[in-house]
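Asks: Here it is, the structure, as C-alpha cells.
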Amino acid sequence: MSFDSGRALQALGAPRRRVILELTAAEELSAGAISKRFAEVSAPAVSQHLRVLKEAGLLIERRHGTRRLYRADTQALQARCDYLDDLRASSQRLDHRLGL
C-alpha cells in the first residue's frame with residue numbers, strides 16, 4: 001500500500017470530508033445515502049468529496065449491482081495514525097532535548 005501523507009492530510013482539510021470519513025467508519029454507505037446527509041450540498045459535490053477521499057487512500061469503494069458502497073479504509077487510517085504518532089514522538093524528543 002502506498003502512503004502519501006500529504007494527500008491524505010490535504011483531503012482531511014475539508015470539514016465535509018471529515019464527516020464523510022466519520023460516517024463511513026461507522027458503516028458502509030452508498031453515495032446516495034451519504035448525499036442525503038448533506039442537504040445543503042449537491043450530489044455531484046459529494047461525489048467529488050468521495051473521489052478525493054478515495055484517491056487519498058482513505059476510502060474503499062465496492063460495487064454492489066449498480067450501487068457504489070463506501071467505507072473507511074481501516075489499514076490506511078492506521079498508517080496515517082502511525083505517521084502522526086511518529087511525528088509526535090519526534091517532536092517530544094526535540095522538546096526534551098531543548099528542556100521544554
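Ordering of the C-alpha cells sets the chain letters (A, B, ...); residue numbers start at 1 within each chain; ligands are numbered from 1 in the order shown.
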Would you mind listing what lies within 8 Å of range 15-32 of chain A as a short mmCIF file (atom, residue, chain, number, x, y, z; two decimals) with all heavy atoms, in the first residue's frame, with only C-alpha atoms counted and same-chain residues fewer than 2 positions away left out?

Replies:
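File written: around05.cif
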data_model
loop_
_atom_site.label_atom_id
_atom_site.label_comp_id
_atom_site.auth_asym_id
_atom_site.auth_seq_id
_atom_site.Cartn_x
_atom_site.Cartn_y
_atom_site.Cartn_z
N ALA A 11 -6.70 15.99 2.02
CA ALA A 11 -8.08 15.53 1.85
C ALA A 11 -8.88 15.76 3.13
O ALA A 11 -10.07 16.10 3.08
CB ALA A 11 -8.11 14.05 1.47
N LEU A 12 -8.23 15.59 4.27
CA LEU A 12 -8.92 15.75 5.55
C LEU A 12 -9.07 17.22 5.96
O LEU A 12 -9.69 17.51 6.97
CB LEU A 12 -8.19 14.97 6.64
CG LEU A 12 -8.25 13.46 6.46
CD1 LEU A 12 -7.36 12.77 7.48
CD2 LEU A 12 -9.67 12.97 6.56
N GLY A 13 -8.52 18.12 5.16
CA GLY A 13 -8.63 19.54 5.47
C GLY A 13 -10.04 20.08 5.30
O GLY A 13 -10.38 21.11 5.88
N ILE A 34 -24.94 8.87 1.51
CA ILE A 34 -24.04 9.92 2.01
C ILE A 34 -24.56 11.28 1.57
O ILE A 34 -24.60 12.21 2.37
CB ILE A 34 -22.60 9.67 1.52
CG1 ILE A 34 -22.05 8.38 2.14
CG2 ILE A 34 -21.70 10.86 1.85
CD1 ILE A 34 -20.77 7.88 1.53
N SER A 35 -24.99 11.39 0.32
CA SER A 35 -25.52 12.66 -0.19
C SER A 35 -26.72 13.14 0.63
O SER A 35 -26.86 14.34 0.88
CB SER A 35 -25.94 12.53 -1.66
OG SER A 35 -24.81 12.45 -2.47
N LYS A 36 -27.56 12.22 1.05
CA LYS A 36 -28.74 12.59 1.83
C LYS A 36 -28.38 13.22 3.17
O LYS A 36 -29.17 13.96 3.74
CB LYS A 36 -29.63 11.38 2.05
CG LYS A 36 -30.36 10.96 0.80
CD LYS A 36 -31.23 9.75 1.04
CE LYS A 36 -31.87 9.31 -0.26
NZ LYS A 36 -32.66 8.09 -0.10
N ALA A 43 -25.38 16.46 -5.02
CA ALA A 43 -24.86 15.10 -5.15
C ALA A 43 -23.53 15.08 -5.90
O ALA A 43 -22.60 14.37 -5.50
CB ALA A 43 -25.89 14.20 -5.83
N VAL A 46 -20.80 15.99 -3.46
CA VAL A 46 -20.50 14.87 -2.56
C VAL A 46 -19.67 13.82 -3.30
O VAL A 46 -18.70 13.29 -2.75
CB VAL A 46 -21.79 14.26 -1.97
CG1 VAL A 46 -21.49 12.96 -1.23
CG2 VAL A 46 -22.46 15.26 -1.03
N SER A 47 -20.01 13.55 -4.55
CA SER A 47 -19.24 12.59 -5.34
C SER A 47 -17.79 13.05 -5.49
O SER A 47 -16.87 12.23 -5.44
CB SER A 47 -19.86 12.42 -6.73
OG SER A 47 -21.09 11.74 -6.62
N HIS A 49 -16.14 14.89 -3.30
CA HIS A 49 -15.51 14.63 -2.00
C HIS A 49 -15.15 13.15 -1.86
O HIS A 49 -14.07 12.81 -1.37
CB HIS A 49 -16.44 15.04 -0.85
CG HIS A 49 -16.56 16.52 -0.65
ND1 HIS A 49 -15.48 17.34 -0.46
CD2 HIS A 49 -17.66 17.32 -0.59
CE1 HIS A 49 -15.89 18.59 -0.29
NE2 HIS A 49 -17.21 18.60 -0.38
N LEU A 50 -16.04 12.28 -2.29
CA LEU A 50 -15.76 10.84 -2.23
C LEU A 50 -14.55 10.48 -3.09
O LEU A 50 -13.69 9.70 -2.68
CB LEU A 50 -16.98 10.03 -2.69
CG LEU A 50 -18.18 10.08 -1.75
CD1 LEU A 50 -19.41 9.48 -2.44
CD2 LEU A 50 -17.89 9.36 -0.45
N LEU A 53 -11.33 11.58 -1.30
CA LEU A 53 -11.01 10.67 -0.20
C LEU A 53 -10.51 9.32 -0.71
O LEU A 53 -9.58 8.73 -0.16
CB LEU A 53 -12.23 10.47 0.70
CG LEU A 53 -12.59 11.67 1.57
CD1 LEU A 53 -13.99 11.49 2.16
CD2 LEU A 53 -11.56 11.87 2.67
N LEU A 58 -8.10 6.89 1.60
CA LEU A 58 -8.81 6.85 2.88
C LEU A 58 -10.13 6.09 2.81
O LEU A 58 -10.67 5.71 3.84
CB LEU A 58 -9.06 8.27 3.39
CG LEU A 58 -7.79 9.07 3.68
CD1 LEU A 58 -8.13 10.53 3.92
CD2 LEU A 58 -7.05 8.48 4.86
N LEU A 59 -10.66 5.90 1.61
CA LEU A 59 -11.94 5.20 1.41
C LEU A 59 -11.75 4.00 0.51
O LEU A 59 -10.95 4.02 -0.42
CB LEU A 59 -12.97 6.10 0.74
CG LEU A 59 -13.74 7.12 1.55
CD1 LEU A 59 -14.77 7.81 0.66
CD2 LEU A 59 -14.40 6.52 2.75
N ARG A 67 -24.94 0.04 -7.53
CA ARG A 67 -24.57 0.97 -6.46
C ARG A 67 -23.08 0.89 -6.15
O ARG A 67 -22.45 -0.14 -6.32
CB ARG A 67 -25.35 0.64 -5.18
CG ARG A 67 -26.83 0.83 -5.34
CD ARG A 67 -27.61 0.33 -4.17
NE ARG A 67 -27.08 0.80 -2.91
CZ ARG A 67 -27.41 0.31 -1.73
NH1 ARG A 67 -28.26 -0.68 -1.65
NH2 ARG A 67 -26.90 0.80 -0.63
N ARG A 68 -22.56 2.01 -5.67
CA ARG A 68 -21.20 2.06 -5.17
C ARG A 68 -21.30 2.28 -3.66
O ARG A 68 -21.96 3.21 -3.21
CB ARG A 68 -20.42 3.20 -5.79
CG ARG A 68 -20.18 3.01 -7.26
CD ARG A 68 -19.45 4.19 -7.83
NE ARG A 68 -19.37 4.06 -9.27
CZ ARG A 68 -18.47 4.66 -10.00
NH1 ARG A 68 -17.58 5.44 -9.45
NH2 ARG A 68 -18.46 4.50 -11.30
N LEU A 69 -20.65 1.40 -2.94
CA LEU A 69 -20.67 1.48 -1.48
C LEU A 69 -19.30 1.90 -0.98
O LEU A 69 -18.27 1.46 -1.52
CB LEU A 69 -21.07 0.13 -0.88
CG LEU A 69 -22.44 -0.39 -1.32
CD1 LEU A 69 -22.64 -1.81 -0.83
CD2 LEU A 69 -23.54 0.53 -0.83
N TYR A 70 -19.29 2.72 0.05
CA TYR A 70 -18.04 3.27 0.56
C TYR A 70 -17.89 2.96 2.04
O TYR A 70 -18.86 2.97 2.80
CB TYR A 70 -18.01 4.80 0.38
CG TYR A 70 -18.04 5.21 -1.06
CD1 TYR A 70 -19.24 5.42 -1.73
CD2 TYR A 70 -16.85 5.37 -1.76
CE1 TYR A 70 -19.26 5.78 -3.07
CE2 TYR A 70 -16.87 5.73 -3.10
CZ TYR A 70 -18.07 5.93 -3.75
OH TYR A 70 -18.09 6.28 -5.07
N ARG A 71 -16.62 2.69 2.42
CA ARG A 71 -16.29 2.53 3.83
C ARG A 71 -14.88 3.04 4.03
O ARG A 71 -14.06 3.04 3.12
CB ARG A 71 -16.43 1.09 4.29
CG ARG A 71 -15.48 0.12 3.64
CD ARG A 71 -15.70 -1.31 4.16
NE ARG A 71 -14.95 -2.27 3.39
CZ ARG A 71 -13.67 -2.58 3.60
NH1 ARG A 71 -13.02 -2.00 4.58
NH2 ARG A 71 -13.07 -3.46 2.85
N ALA A 72 -14.61 3.48 5.24
CA ALA A 72 -13.26 3.95 5.57
C ALA A 72 -12.30 2.78 5.49
O ALA A 72 -12.64 1.66 5.83
CB ALA A 72 -13.26 4.56 6.97
N ASP A 73 -11.10 3.06 5.03
CA ASP A 73 -10.06 2.04 4.91
C ASP A 73 -9.31 1.96 6.24
O ASP A 73 -8.48 2.82 6.54
CB ASP A 73 -9.12 2.37 3.76
CG ASP A 73 -8.09 1.29 3.49
OD1 ASP A 73 -7.74 0.54 4.43
OD2 ASP A 73 -7.62 1.21 2.35
#

Asks: Please, which residues of chain A, numbered as in this document, come out strand (DSSP E or B) from DSSP, as a PyMOL selection string?

Replies: chain A and resi 29-30+59-64+67-72

Asks: Check the smallest atom-to-atom distance from each of A:Gly57, A:Gly65, A:Pro44, A:Gly99 to Gly6 in chain A using only C-alpha atoms, then report the winner.

Replies: A:Gly57

Asks: Have a look at CA of Ala79 in chain A and CA of Ser5 in chain A and let me know their distance in Å, one decimal.

Replies: 9.1 Å

Asks: Quick check for you: according to DSSP on this backbone, which residues of chain A are classed as alpha helix (DSSP H)? Reply as a ChimeraX atom specification.

Replies: /A:5-11,15-26,31-36,43-55,74-98

Asks: With only C-alpha atoms as the atoms that count, which of A:Ala33, A:Leu94, A:Leu77, A:Ala8 lies nearest to Val52 in chain A?

Replies: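 Ranked by minimum distance to Val52 in chain A, first place goes to A:Ala8.
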
Asks: Find the residue from A:Ala56, A:Leu98, A:Ala89, A:Ala76 that sits nearest to Leu9 in chain A; use only C-alpha atoms when measuring.

Replies: A:Ala56
